[in-house]
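Asks: There's a structure below that I have some questions on.
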Amino acid sequence: MGSELKYEIGQKPYMKLVLHALKHKTSSVNGILVGCLGKNDEVIDIVDAVPLSHSQIGLLPTLEIALTQIEEHFGAQGLSIVGYYHANERYDNFELGTASKKIGDHICRYFAQAAVLLLDNQKLETLPKGKDRNPVLQLYIRDASKNWKQAGLDGSIRLSIKEPSANVVLLDYISSEKWRDIVDFDDHLDDISNDWLNPDLVK
């Protein structure tokens, strides 16, 4: 199962993680991916994303509080934590950092096939100039030695967006500055009236 496993991200989580990165362009941001195993146990369906942080990346106590609340909320819907997303602070940084790998390892304790998605800033930058339907993300999964490796370098499609028009919708959200409305867990801890679920962000 492991080598052939594919990951499909829905429009809602895709929008959330990109808008989260756009809101904090001068910072690294991260978040949690929520979903389930689907389609004959060959596809991980990523159905939601929870923006975590734009300041204290890798701070374990905050991460644990967030993971507990996320598990409680989504577990009631039959969903699990299936991965992690990260956007690097620097535009030209395409490396999956140590903190991201450690958080990914932590999530793999709960879900062995967890994915780490890294935002590709250059793909995002060129999105308005083309008609690319591929996600502006790099997929990382753990190999047999438990090392994080970028998937799809052999030309195989391991990560896809569920809705083909997602990038068109994303561009519309960017032009209307929808990213201003996104709330992450840092914002929630600063003011608990800020809803980290962002229920009205993506319709």
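So you can find residues: chains in the structure tokens are A, B, ... in the order shown, residues in each start at 1, and ligands are numbered from 1 in order.
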If DSSP is run on the backbone, what residues of range 21-86 of chain A are helix (DSSP H, G or I)? A reply as a PyMOL selection string would be ideal.
Replies: chain A and resi 21-23+60-75
Asks: Excluding Val47 in chain A and its own-chain neighbours fewer than 2 positions away, which residues fall within 7 Å of it when counting only C-alpha atoms? Please give them as a PyMOL selection string.
Replies: chain A and resi 9-10+13+34-35+45
Asks: One decimal, Å: what's the distance from CA of Leu117 in chain A over to CA of Asn194 in chain A, could you say?
Replies: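 Going from CA of Leu117 in chain A over to CA of Asn194 in chain A, I get 25.0 Å.
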Asks: Just the residues within 9 Å of range 149-156 of chain A, please, counting only C-alpha atoms, with nothing from its chain fewer than 6 positions along; format it as a list of chain:residue names.
Replies: A:Gln138, A:Leu139, A:Tyr140, A:Ile141, A:Arg142, A:Asp143
Asks: So, with only C-alpha atoms as the atoms that count, which of A:Asp187, A:Asn134, A:Val202, A:Val50 lies closest to Ile157 in chain A?
Replies: A:Asn134
Asks: Which residues in range 75-144 of chain A does DSSP call strand (DSSP E or B)? List them as JSON, numbers by chain.
Replies: {"A": [80, 81, 82, 83, 84, 85, 86, 87, 115, 116, 117, 118, 119, 137, 138, 139, 140, 141, 142]}
Asks: Take the selection from the previous step and output its residues with N, CA, C and O atoms, as a PDB file, in the first residue's frame.
Replies:
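Once written, out24.pdb looks like this:
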ATOM      1  N   SER A  80      -9.631  12.321  11.075  1.00  0.00           N
ATOM      2  CA  SER A  80      -8.382  12.232  11.831  1.00  0.00           C
ATOM      3  C   SER A  80      -7.383  13.268  11.335  1.00  0.00           C
ATOM      4  O   SER A  80      -7.529  13.819  10.243  1.00  0.00           O
ATOM      5  N   ILE A  81      -6.348  13.482  12.133  1.00  0.00           N
ATOM      6  CA  ILE A  81      -5.207  14.285  11.685  1.00  0.00           C
ATOM      7  C   ILE A  81      -4.400  13.424  10.720  1.00  0.00           C
ATOM      8  O   ILE A  81      -3.970  12.322  11.076  1.00  0.00           O
ATOM      9  N   VAL A  82      -4.228  13.902   9.485  1.00  0.00           N
ATOM     10  CA  VAL A  82      -3.549  13.091   8.465  1.00  0.00           C
ATOM     11  C   VAL A  82      -2.266  13.736   7.946  1.00  0.00           C
ATOM     12  O   VAL A  82      -1.604  13.193   7.064  1.00  0.00           O
ATOM     13  N   GLY A  83      -1.918  14.908   8.487  1.00  0.00           N
ATOM     14  CA  GLY A  83      -0.693  15.538   8.008  1.00  0.00           C
ATOM     15  C   GLY A  83      -0.502  16.946   8.524  1.00  0.00           C
ATOM     16  O   GLY A  83      -1.201  17.405   9.440  1.00  0.00           O
ATOM     17  N   TYR A  84       0.439  17.605   7.901  1.00  0.00           N
ATOM     18  CA  TYR A  84       0.933  18.903   8.369  1.00  0.00           C
ATOM     19  C   TYR A  84       1.297  19.737   7.148  1.00  0.00           C
ATOM     20  O   TYR A  84       1.728  19.203   6.126  1.00  0.00           O
ATOM     21  N   TYR A  85       1.087  21.048   7.227  1.00  0.00           N
ATOM     22  CA  TYR A  85       1.554  21.903   6.129  1.00  0.00           C
ATOM     23  C   TYR A  85       2.473  22.997   6.667  1.00  0.00           C
ATOM     24  O   TYR A  85       2.400  23.387   7.834  1.00  0.00           O
ATOM     25  N   HIS A  86       3.330  23.485   5.775  1.00  0.00           N
ATOM     26  CA  HIS A  86       4.329  24.476   6.171  1.00  0.00           C
ATOM     27  C   HIS A  86       4.629  25.388   4.985  1.00  0.00           C
ATOM     28  O   HIS A  86       4.661  24.953   3.832  1.00  0.00           O
ATOM     29  N   ALA A  87       4.813  26.657   5.263  1.00  0.00           N
ATOM     30  CA  ALA A  87       5.300  27.606   4.255  1.00  0.00           C
ATOM     31  C   ALA A  87       6.536  28.283   4.830  1.00  0.00           C
ATOM     32  O   ALA A  87       6.491  28.814   5.948  1.00  0.00           O
ATOM     33  N   ALA A 115       1.158  12.982   5.661  1.00  0.00           N
ATOM     34  CA  ALA A 115       1.859  13.754   4.632  1.00  0.00           C
ATOM     35  C   ALA A 115       2.311  15.092   5.209  1.00  0.00           C
ATOM     36  O   ALA A 115       1.691  15.620   6.134  1.00  0.00           O
ATOM     37  N   VAL A 116       3.380  15.628   4.652  1.00  0.00           N
ATOM     38  CA  VAL A 116       3.761  17.019   4.911  1.00  0.00           C
ATOM     39  C   VAL A 116       3.693  17.754   3.577  1.00  0.00           C
ATOM     40  O   VAL A 116       4.281  17.321   2.586  1.00  0.00           O
ATOM     41  N   LEU A 117       2.937  18.838   3.553  1.00  0.00           N
ATOM     42  CA  LEU A 117       2.818  19.663   2.347  1.00  0.00           C
ATOM     43  C   LEU A 117       3.596  20.952   2.539  1.00  0.00           C
ATOM     44  O   LEU A 117       3.405  21.658   3.529  1.00  0.00           O
ATOM     45  N   LEU A 118       4.485  21.240   1.611  1.00  0.00           N
ATOM     46  CA  LEU A 118       5.307  22.444   1.646  1.00  0.00           C
ATOM     47  C   LEU A 118       4.850  23.374   0.527  1.00  0.00           C
ATOM     48  O   LEU A 118       4.802  22.972  -0.644  1.00  0.00           O
ATOM     49  N   LEU A 119       4.501  24.607   0.887  1.00  0.00           N
ATOM     50  CA  LEU A 119       4.055  25.569  -0.116  1.00  0.00           C
ATOM     51  C   LEU A 119       5.212  25.940  -1.042  1.00  0.00           C
ATOM     52  O   LEU A 119       6.303  26.253  -0.584  1.00  0.00           O
ATOM     53  N   LEU A 137       1.988  23.137  -4.262  1.00  0.00           N
ATOM     54  CA  LEU A 137       2.493  22.458  -3.076  1.00  0.00           C
ATOM     55  C   LEU A 137       3.463  21.356  -3.476  1.00  0.00           C
ATOM     56  O   LEU A 137       3.353  20.784  -4.556  1.00  0.00           O
ATOM     57  N   GLN A 138       4.378  21.061  -2.559  1.00  0.00           N
ATOM     58  CA  GLN A 138       5.234  19.881  -2.690  1.00  0.00           C
ATOM     59  C   GLN A 138       4.795  18.878  -1.632  1.00  0.00           C
ATOM     60  O   GLN A 138       4.552  19.252  -0.476  1.00  0.00           O
ATOM     61  N   LEU A 139       4.706  17.615  -2.026  1.00  0.00           N
ATOM     62  CA  LEU A 139       4.309  16.545  -1.117  1.00  0.00           C
ATOM     63  C   LEU A 139       5.540  15.825  -0.593  1.00  0.00           C
ATOM     64  O   LEU A 139       6.393  15.401  -1.370  1.00  0.00           O
ATOM     65  N   TYR A 140       5.603  15.688   0.718  1.00  0.00           N
ATOM     66  CA  TYR A 140       6.655  14.903   1.364  1.00  0.00           C
ATOM     67  C   TYR A 140       6.028  13.766   2.148  1.00  0.00           C
ATOM     68  O   TYR A 140       5.037  13.966   2.863  1.00  0.00           O
ATOM     69  N   ILE A 141       6.597  12.565   1.985  1.00  0.00           N
ATOM     70  CA  ILE A 141       6.149  11.411   2.757  1.00  0.00           C
ATOM     71  C   ILE A 141       7.377  10.685   3.300  1.00  0.00           C
ATOM     72  O   ILE A 141       8.483  10.854   2.777  1.00  0.00           O
ATOM     73  N   ARG A 142       7.158   9.871   4.332  1.00  0.00           N
ATOM     74  CA  ARG A 142       8.289   9.152   4.928  1.00  0.00           C
ATOM     75  C   ARG A 142       8.566   7.863   4.163  1.00  0.00           C
ATOM     76  O   ARG A 142       7.651   7.131   3.806  1.00  0.00           O
TER      77      ARG A 142
END
Asks: Excluding Gln11 in chain A and residues on its chain fewer than 2 positions from it, collect all residues at most 7 Å away from it, counting only C-alpha atoms, and give them as a list in words.
Replies: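 Close residues of Gln11 in chain A: Ile9, Pro13, Tyr14, Met15, Ile161, Lys162, Glu163 and Ala166 of chain A.
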Asks: Since we have the selection now, will you write its residues out, keeping N, CA, C and O atoms, as a short mmCIF file (atom, residue, chain, number, x, y, z; two decimals), in the first residue's frame?
Replies:
data_model
loop_
_atom_site.label_atom_id
_atom_site.label_comp_id
_atom_site.auth_asym_id
_atom_site.auth_seq_id
_atom_site.Cartn_x
_atom_site.Cartn_y
_atom_site.Cartn_z
N ILE A 9 -6.35 16.61 -2.02
CA ILE A 9 -6.71 17.72 -1.13
C ILE A 9 -7.94 18.44 -1.68
O ILE A 9 -8.04 18.72 -2.88
N PRO A 13 -9.45 23.00 2.31
CA PRO A 13 -8.14 23.03 2.97
C PRO A 13 -7.05 23.69 2.12
O PRO A 13 -6.16 24.36 2.65
N TYR A 14 -7.14 23.49 0.81
CA TYR A 14 -6.16 24.10 -0.11
C TYR A 14 -6.19 25.63 0.01
O TYR A 14 -5.15 26.28 0.15
N MET A 15 -7.40 26.18 -0.02
CA MET A 15 -7.55 27.64 0.12
C MET A 15 -7.01 28.12 1.46
O MET A 15 -6.29 29.11 1.53
N ILE A 161 -5.61 18.03 -6.53
CA ILE A 161 -6.70 18.80 -5.93
C ILE A 161 -8.01 18.15 -6.36
O ILE A 161 -8.18 17.82 -7.54
N LYS A 162 -8.92 17.98 -5.42
CA LYS A 162 -10.19 17.31 -5.71
C LYS A 162 -10.99 18.07 -6.77
O LYS A 162 -11.55 17.48 -7.68
N GLU A 163 -11.05 19.40 -6.64
CA GLU A 163 -11.80 20.22 -7.59
C GLU A 163 -10.84 20.84 -8.62
O GLU A 163 -9.96 21.62 -8.25
N ALA A 166 -9.94 24.69 -8.61
CA ALA A 166 -9.52 25.28 -7.33
C ALA A 166 -8.58 26.47 -7.51
O ALA A 166 -8.69 27.47 -6.79
#
Asks: Find the distance between CA of Ala114 in chain A and CA of Leu127 in chain A and write it in Å to one decimal.
Replies: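 CA of Leu127 in chain A lies at a distance of 26.9 Å from CA of Ala114 in chain A.
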Asks: Choose the residue, out of A:Asn167, A:Ser160, A:Asn93, A:Thr98, that has the smallest atom-to-atom separation from Ile46 in chain A; count only C-alpha atoms.
Replies: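 Ranking A:Asn167, A:Ser160, A:Asn93, A:Thr98 by distance to Ile46 in chain A, first place goes to A:Ser160.
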Asks: Quick one: pull the distance between CA of Phe74 in chain A and CA of Asp120 in chain A, Å, one decimal.
Replies: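 Pair CA of Phe74 in chain A / CA of Asp120 in chain A returns 27.5 Å.
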Asks: Which residues are close to Trp196 in chain A, i.e. within 12 Å by only C-alpha atoms, leaving aside same-chain residues fewer than 2 positions away? Reply as a JSON list (two decimals) with all heavy atoms, in the first residue's frame.
Replies:
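Written file, selection-v1.json:
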[["chain", "number", "residue", "atom", "x", "y", "z"],
["A", 16, "LYS", "N", -7.37, 27.43, 2.50],
["A", 16, "LYS", "CA", -6.98, 27.85, 3.85],
["A", 16, "LYS", "C", -5.46, 27.94, 3.99],
["A", 16, "LYS", "O", -4.93, 28.93, 4.51],
["A", 16, "LYS", "CB", -7.53, 26.88, 4.89],
["A", 16, "LYS", "CG", -8.98, 27.09, 5.25],
["A", 16, "LYS", "CD", -9.31, 26.18, 6.43],
["A", 16, "LYS", "CE", -10.73, 26.28, 6.90],
["A", 16, "LYS", "NZ", -10.99, 25.39, 8.03],
["A", 20, "HIS", "N", -3.43, 31.41, 4.43],
["A", 20, "HIS", "CA", -2.68, 31.55, 5.68],
["A", 20, "HIS", "C", -1.26, 32.06, 5.40],
["A", 20, "HIS", "O", -0.76, 32.99, 6.05],
["A", 20, "HIS", "CB", -2.63, 30.19, 6.40],
["A", 20, "HIS", "CG", -2.04, 30.24, 7.77],
["A", 20, "HIS", "ND1", -1.41, 29.16, 8.34],
["A", 20, "HIS", "CD2", -1.98, 31.24, 8.70],
["A", 20, "HIS", "CE1", -1.00, 29.49, 9.55],
["A", 20, "HIS", "NE2", -1.32, 30.74, 9.79],
["A", 31, "GLY", "N", 0.36, 24.47, 9.78],
["A", 31, "GLY", "CA", -0.99, 24.06, 10.15],
["A", 31, "GLY", "C", -1.15, 22.55, 10.05],
["A", 31, "GLY", "O", -0.23, 21.83, 9.64],
["A", 32, "ILE", "N", -2.32, 22.09, 10.41],
["A", 32, "ILE", "CA", -2.62, 20.66, 10.48],
["A", 32, "ILE", "C", -3.62, 20.29, 9.39],
["A", 32, "ILE", "O", -4.56, 21.04, 9.11],
["A", 32, "ILE", "CB", -3.20, 20.31, 11.87],
["A", 32, "ILE", "CG1", -2.16, 20.59, 12.97],
["A", 32, "ILE", "CG2", -3.66, 18.86, 11.94],
["A", 32, "ILE", "CD1", -0.87, 19.80, 12.86],
["A", 48, "ASP", "N", -9.94, 19.09, 5.35],
["A", 48, "ASP", "CA", -9.89, 20.38, 6.03],
["A", 48, "ASP", "C", -8.46, 20.66, 6.48],
["A", 48, "ASP", "O", -7.61, 19.76, 6.53],
["A", 48, "ASP", "CB", -10.83, 20.41, 7.24],
["A", 48, "ASP", "CG", -11.39, 21.80, 7.52],
["A", 48, "ASP", "OD1", -10.78, 22.79, 7.05],
["A", 48, "ASP", "OD2", -12.42, 21.91, 8.21],
["A", 49, "ALA", "N", -8.21, 21.93, 6.80],
["A", 49, "ALA", "CA", -6.90, 22.35, 7.31],
["A", 49, "ALA", "C", -7.12, 23.32, 8.45],
["A", 49, "ALA", "O", -8.05, 24.13, 8.41],
["A", 49, "ALA", "CB", -6.08, 23.01, 6.20],
["A", 50, "VAL", "N", -6.30, 23.21, 9.46],
["A", 50, "VAL", "CA", -6.38, 24.11, 10.62],
["A", 50, "VAL", "C", -5.09, 24.92, 10.68],
["A", 50, "VAL", "O", -4.03, 24.38, 10.98],
["A", 50, "VAL", "CB", -6.58, 23.33, 11.93],
["A", 50, "VAL", "CG1", -6.62, 24.29, 13.11],
["A", 50, "VAL", "CG2", -7.85, 22.49, 11.88],
["A", 51, "PRO", "N", -5.16, 26.23, 10.38],
["A", 51, "PRO", "CA", -3.96, 27.08, 10.48],
["A", 51, "PRO", "C", -3.49, 27.15, 11.94],
["A", 51, "PRO", "O", -4.29, 27.45, 12.83],
["A", 51, "PRO", "CB", -4.45, 28.45, 9.99],
["A", 51, "PRO", "CG", -5.69, 28.16, 9.19],
["A", 51, "PRO", "CD", -6.32, 26.98, 9.86],
["A", 52, "LEU", "N", -2.23, 26.87, 12.17],
["A", 52, "LEU", "CA", -1.71, 26.83, 13.54],
["A", 52, "LEU", "C", -1.01, 28.11, 13.95],
["A", 52, "LEU", "O", -1.43, 28.81, 14.85],
["A", 52, "LEU", "CB", -0.72, 25.67, 13.70],
["A", 52, "LEU", "CG", -1.23, 24.28, 14.06],
["A", 52, "LEU", "CD1", -0.05, 23.39, 14.38],
["A", 52, "LEU", "CD2", -2.21, 24.33, 15.20],
["A", 53, "SER", "N", 0.10, 28.39, 13.26],
["A", 53, "SER", "CA", 1.00, 29.41, 13.80],
["A", 53, "SER", "C", 1.63, 30.26, 12.71],
["A", 53, "SER", "O", 1.81, 29.83, 11.58],
["A", 53, "SER", "CB", 2.10, 28.72, 14.62],
["A", 53, "SER", "OG", 2.98, 29.66, 15.17],
["A", 66, "ALA", "N", -3.13, 22.40, 20.56],
["A", 66, "ALA", "CA", -3.86, 22.48, 19.29],
["A", 66, "ALA", "C", -4.27, 21.09, 18.81],
["A", 66, "ALA", "O", -5.42, 20.87, 18.40],
["A", 66, "ALA", "CB", -3.00, 23.18, 18.25],
["A", 69, "GLN", "N", -7.25, 19.70, 20.73],
["A", 69, "GLN", "CA", -8.53, 20.33, 20.36],
["A", 69, "GLN", "C", -8.97, 19.91, 18.96],
["A", 69, "GLN", "O", -10.17, 19.69, 18.72],
["A", 69, "GLN", "CB", -8.40, 21.86, 20.44],
["A", 69, "GLN", "CG", -8.25, 22.36, 21.88],
["A", 69, "GLN", "CD", -8.54, 23.85, 22.00],
["A", 69, "GLN", "OE1", -9.31, 24.41, 21.25],
["A", 69, "GLN", "NE2", -7.93, 24.47, 22.98],
["A", 70, "ILE", "N", -8.02, 19.80, 18.06],
["A", 70, "ILE", "CA", -8.34, 19.39, 16.68],
["A", 70, "ILE", "C", -8.88, 17.96, 16.67],
["A", 70, "ILE", "O", -9.88, 17.65, 16.02],
["A", 70, "ILE", "CB", -7.09, 19.52, 15.77],
["A", 70, "ILE", "CG1", -6.73, 21.00, 15.59],
["A", 70, "ILE", "CG2", -7.33, 18.88, 14.40],
["A", 70, "ILE", "CD1", -5.34, 21.23, 15.02],
["A", 73, "HIS", "N", -12.46, 17.87, 18.11],
["A", 73, "HIS", "CA", -13.47, 18.45, 17.23],
["A", 73, "HIS", "C", -13.75, 17.56, 16.01],
["A", 73, "HIS", "O", -14.90, 17.25, 15.71],
["A", 73, "HIS", "CB", -13.04, 19.83, 16.76],
["A", 73, "HIS", "CG", -14.00, 20.47, 15.79],
["A", 73, "HIS", "ND1", -15.14, 21.12, 16.21],
["A", 73, "HIS", "CD2", -14.01, 20.50, 14.43],
["A", 73, "HIS", "CE1", -15.81, 21.54, 15.14],
["A", 73, "HIS", "NE2", -15.14, 21.18, 14.06],
["A", 181, "ASP", "N", -8.89, 37.63, 6.24],
["A", 181, "ASP", "CA", -9.90, 37.11, 7.18],
["A", 181, "ASP", "C", -9.47, 35.85, 7.91],
["A", 181, "ASP", "O", -10.16, 35.40, 8.83],
["A", 181, "ASP", "CB", -11.21, 36.80, 6.43],
["A", 181, "ASP", "CG", -11.77, 38.03, 5.73],
["A", 181, "ASP", "OD1", -11.55, 39.14, 6.24],
["A", 181, "ASP", "OD2", -12.42, 37.87, 4.67],
["A", 182, "ILE", "N", -8.37, 35.23, 7.50],
["A", 182, "ILE", "CA", -8.03, 33.93, 8.08],
["A", 182, "ILE", "C", -7.49, 34.07, 9.50],
["A", 182, "ILE", "O", -6.79, 35.02, 9.85],
["A", 182, "ILE", "CB", -7.04, 33.15, 7.18],
["A", 182, "ILE", "CG1", -7.04, 31.68, 7.56],
["A", 182, "ILE", "CG2", -5.64, 33.74, 7.25],
["A", 182, "ILE", "CD1", -6.60, 30.75, 6.45],
["A", 183, "VAL", "N", -7.88, 33.11, 10.33],
["A", 183, "VAL", "CA", -7.48, 33.09, 11.75],
["A", 183, "VAL", "C", -6.69, 31.81, 12.00],
["A", 183, "VAL", "O", -7.09, 30.73, 11.57],
["A", 183, "VAL", "CB", -8.74, 33.10, 12.65],
["A", 183, "VAL", "CG1", -8.38, 32.83, 14.11],
["A", 183, "VAL", "CG2", -9.49, 34.41, 12.51],
["A", 184, "ASP", "N", -5.54, 31.94, 12.67],
["A", 184, "ASP", "CA", -4.82, 30.73, 13.06],
["A", 184, "ASP", "C", -4.85, 30.55, 14.57],
["A", 184, "ASP", "O", -5.45, 31.35, 15.30],
["A", 184, "ASP", "CB", -3.38, 30.72, 12.51],
["A", 184, "ASP", "CG", -2.49, 31.85, 13.02],
["A", 184, "ASP", "OD1", -2.83, 32.45, 14.05],
["A", 184, "ASP", "OD2", -1.45, 32.12, 12.37],
["A", 185, "PHE", "N", -4.25, 29.47, 15.04],
["A", 185, "PHE", "CA", -4.32, 29.14, 16.46],
["A", 185, "PHE", "C", -3.61, 30.19, 17.32],
["A", 185, "PHE", "O", -4.01, 30.45, 18.46],
["A", 185, "PHE", "CB", -3.73, 27.74, 16.71],
["A", 185, "PHE", "CG", -4.39, 27.01, 17.84],
["A", 185, "PHE", "CD1", -5.63, 26.39, 17.67],
["A", 185, "PHE", "CD2", -3.79, 26.94, 19.09],
["A", 185, "PHE", "CE1", -6.25, 25.74, 18.71],
["A", 185, "PHE", "CE2", -4.40, 26.27, 20.14],
["A", 185, "PHE", "CZ", -5.63, 25.67, 19.96],
["A", 186, "ASP", "N", -2.55, 30.80, 16.78],
["A", 186, "ASP", "CA", -1.89, 31.91, 17.47],
["A", 186, "ASP", "C", -2.88, 33.04, 17.75],
["A", 186, "ASP", "O", -2.93, 33.58, 18.86],
["A", 186, "ASP", "CB", -0.74, 32.48, 16.61],
["A", 186, "ASP", "CG", 0.53, 31.66, 16.69],
["A", 186, "ASP", "OD1", 0.60, 30.75, 17.53],
["A", 186, "ASP", "OD2", 1.44, 31.93, 15.89],
["A", 187, "ASP", "N", -3.67, 33.39, 16.71],
["A", 187, "ASP", "CA", -4.67, 34.46, 16.86],
["A", 187, "ASP", "C", -5.71, 34.08, 17.90],
["A", 187, "ASP", "O", -6.17, 34.92, 18.69],
["A", 187, "ASP", "CB", -5.38, 34.72, 15.52],
["A", 187, "ASP", "CG", -4.43, 35.17, 14.42],
["A", 187, "ASP", "OD1", -3.50, 35.93, 14.72],
["A", 187, "ASP", "OD2", -4.64, 34.75, 13.26],
["A", 188, "HIS", "N", -6.09, 32.81, 17.92],
["A", 188, "HIS", "CA", -7.08, 32.32, 18.87],
["A", 188, "HIS", "C", -6.56, 32.42, 20.31],
["A", 188, "HIS", "O", -7.30, 32.81, 21.22],
["A", 188, "HIS", "CB", -7.45, 30.87, 18.54],
["A", 188, "HIS", "CG", -8.32, 30.20, 19.55],
["A", 188, "HIS", "ND1", -9.65, 30.53, 19.73],
["A", 188, "HIS", "CD2", -8.05, 29.23, 20.46],
["A", 188, "HIS", "CE1", -10.16, 29.78, 20.70],
["A", 188, "HIS", "NE2", -9.21, 28.99, 21.16],
["A", 189, "LEU", "N", -5.29, 32.08, 20.51],
["A", 189, "LEU", "CA", -4.71, 32.14, 21.85],
["A", 189, "LEU", "C", -4.58, 33.59, 22.32],
["A", 189, "LEU", "O", -4.66, 33.87, 23.52],
["A", 189, "LEU", "CB", -3.35, 31.44, 21.88],
["A", 189, "LEU", "CG", -3.37, 29.92, 21.69],
["A", 189, "LEU", "CD1", -1.96, 29.36, 21.65],
["A", 189, "LEU", "CD2", -4.18, 29.23, 22.79],
["A", 190, "ASP", "N", -4.40, 34.51, 21.38],
["A", 190, "ASP", "CA", -4.35, 35.94, 21.71],
["A", 190, "ASP", "C", -5.73, 36.47, 22.09],
["A", 190, "ASP", "O", -5.86, 37.35, 22.95],
["A", 190, "ASP", "CB", -3.80, 36.76, 20.53],
["A", 190, "ASP", "CG", -2.32, 36.54, 20.32],
["A", 190, "ASP", "OD1", -1.64, 36.10, 21.27],
["A", 190, "ASP", "OD2", -1.84, 36.81, 19.20],
["A", 191, "ASP", "N", -6.75, 35.96, 21.42],
["A", 191, "ASP", "CA", -8.12, 36.41, 21.65],
["A", 191, "ASP", "C", -9.05, 35.24, 21.31],
["A", 191, "ASP", "O", -9.24, 34.90, 20.14],
["A", 191, "ASP", "CB", -8.44, 37.61, 20.76],
["A", 191, "ASP", "CG", -9.87, 38.11, 20.92],
["A", 191, "ASP", "OD1", -10.66, 37.46, 21.64],
["A", 191, "ASP", "OD2", -10.20, 39.15, 20.32],
["A", 192, "ILE", "N", -9.63, 34.61, 22.34],
["A", 192, "ILE", "CA", -10.38, 33.37, 22.11],
["A", 192, "ILE", "C", -11.66, 33.58, 21.29],
["A", 192, "ILE", "O", -12.30, 32.61, 20.88],
["A", 192, "ILE", "CB", -10.72, 32.64, 23.43],
["A", 192, "ILE", "CG1", -11.53, 33.54, 24.37],
["A", 192, "ILE", "CG2", -9.47, 32.12, 24.10],
["A", 192, "ILE", "CD1", -12.13, 32.79, 25.54],
["A", 193, "SER", "N", -12.03, 34.83, 21.03],
["A", 193, "SER", "CA", -13.20, 35.06, 20.16],
["A", 193, "SER", "C", -12.84, 34.81, 18.69],
["A", 193, "SER", "O", -13.72, 34.68, 17.84],
["A", 193, "SER", "CB", -13.73, 36.49, 20.33],
["A", 193, "SER", "OG", -12.82, 37.44, 19.83],
["A", 194, "ASN", "N", -11.53, 34.73, 18.39],
["A", 194, "ASN", "CA", -11.09, 34.38, 17.04],
["A", 194, "ASN", "C", -11.25, 32.87, 16.84],
["A", 194, "ASN", "O", -10.67, 32.08, 17.58],
["A", 194, "ASN", "CB", -9.61, 34.76, 16.84],
["A", 194, "ASN", "CG", -9.41, 36.25, 16.74],
["A", 194, "ASN", "OD1", -10.19, 36.95, 16.14],
["A", 194, "ASN", "ND2", -8.32, 36.74, 17.35],
["A", 198, "ASN", "N", -12.30, 28.78, 11.27],
["A", 198, "ASN", "CA", -12.59, 29.62, 10.09],
["A", 198, "ASN", "C", -13.83, 29.13, 9.33],
["A", 198, "ASN", "O", -13.78, 28.86, 8.12],
["A", 198, "ASN", "CB", -11.37, 29.60, 9.13],
["A", 198, "ASN", "CG", -10.16, 30.29, 9.71],
["A", 198, "ASN", "OD1", -10.05, 31.51, 9.71],
["A", 198, "ASN", "ND2", -9.23, 29.50, 10.24],
["A", 199, "PRO", "N", -14.96, 29.01, 10.02],
["A", 199, "PRO", "CA", -16.14, 28.39, 9.39],
["A", 199, "PRO", "C", -16.70, 29.16, 8.20],
["A", 199, "PRO", "O", -17.33, 28.56, 7.32],
["A", 199, "PRO", "CB", -17.16, 28.34, 10.54],
["A", 199, "PRO", "CG", -16.73, 29.42, 11.48],
["A", 199, "PRO", "CD", -15.23, 29.46, 11.40],
["A", 200, "ASP", "N", -16.48, 30.47, 8.15],
["A", 200, "ASP", "CA", -17.08, 31.28, 7.08],
["A", 200, "ASP", "C", -16.09, 31.70, 6.01],
["A", 200, "ASP", "O", -16.42, 32.45, 5.10],
["A", 200, "ASP", "CB", -17.72, 32.54, 7.68],
["A", 200, "ASP", "CG", -18.77, 32.22, 8.73],
["A", 200, "ASP", "OD1", -19.56, 31.29, 8.47],
["A", 200, "ASP", "OD2", -18.79, 32.86, 9.78],
["A", 201, "LEU", "N", -14.87, 31.19, 6.10],
["A", 201, "LEU", "CA", -13.82, 31.65, 5.17],
["A", 201, "LEU", "C", -14.03, 31.13, 3.75],
["A", 201, "LEU", "O", -13.94, 31.87, 2.78],
["A", 201, "LEU", "CB", -12.44, 31.21, 5.68],
["A", 201, "LEU", "CG", -11.25, 31.70, 4.86],
["A", 201, "LEU", "CD1", -11.02, 33.19, 5.11],
["A", 201, "LEU", "CD2", -9.99, 30.92, 5.20]]
Asks: Using only C-alpha atoms, which of A:Ile174, A:Val29, A:Leu67, A:Ile103 sits nearest Pro128 in chain A?
Replies: A:Ile174
Asks: Please list as a PDB file with N, CA and C atoms, in the first residue's frame every residue within 12 Å of Thr126 in chain A, counting only C-alpha atoms and excluding residues in the same chain fewer than 5 positions away.
Replies:
ATOM      1  N   ASP A 120       4.955  25.875  -2.342  1.00  0.00           N
ATOM      2  CA  ASP A 120       5.946  26.263  -3.342  1.00  0.00           C
ATOM      3  C   ASP A 120       5.681  27.726  -3.719  1.00  0.00           C
ATOM      4  N   ASN A 121       6.444  28.631  -3.135  1.00  0.00           N
ATOM      5  CA  ASN A 121       6.211  30.069  -3.321  1.00  0.00           C
ATOM      6  C   ASN A 121       6.344  30.503  -4.783  1.00  0.00           C
ATOM      7  N   LYS A 131      -2.497  28.679 -16.586  1.00  0.00           N
ATOM      8  CA  LYS A 131      -3.744  27.968 -16.321  1.00  0.00           C
ATOM      9  C   LYS A 131      -3.448  26.630 -15.644  1.00  0.00           C
ATOM     10  N   ASP A 132      -2.426  26.625 -14.802  1.00  0.00           N
ATOM     11  CA  ASP A 132      -2.013  25.399 -14.131  1.00  0.00           C
ATOM     12  C   ASP A 132      -3.089  24.941 -13.147  1.00  0.00           C
ATOM     13  N   VAL A 136      -0.120  24.223  -5.740  1.00  0.00           N
ATOM     14  CA  VAL A 136       1.137  24.976  -5.564  1.00  0.00           C
ATOM     15  C   VAL A 136       1.850  24.454  -4.313  1.00  0.00           C
ATOM     16  N   ASN A 167      -7.645  26.392  -8.458  1.00  0.00           N
ATOM     17  CA  ASN A 167      -6.696  27.496  -8.641  1.00  0.00           C
ATOM     18  C   ASN A 167      -7.375  28.749  -9.180  1.00  0.00           C
ATOM     19  N   LEU A 171      -7.329  32.288  -7.138  1.00  0.00           N
ATOM     20  CA  LEU A 171      -6.939  33.587  -7.688  1.00  0.00           C
ATOM     21  C   LEU A 171      -7.994  34.656  -7.395  1.00  0.00           C
TER      22      LEU A 171
END
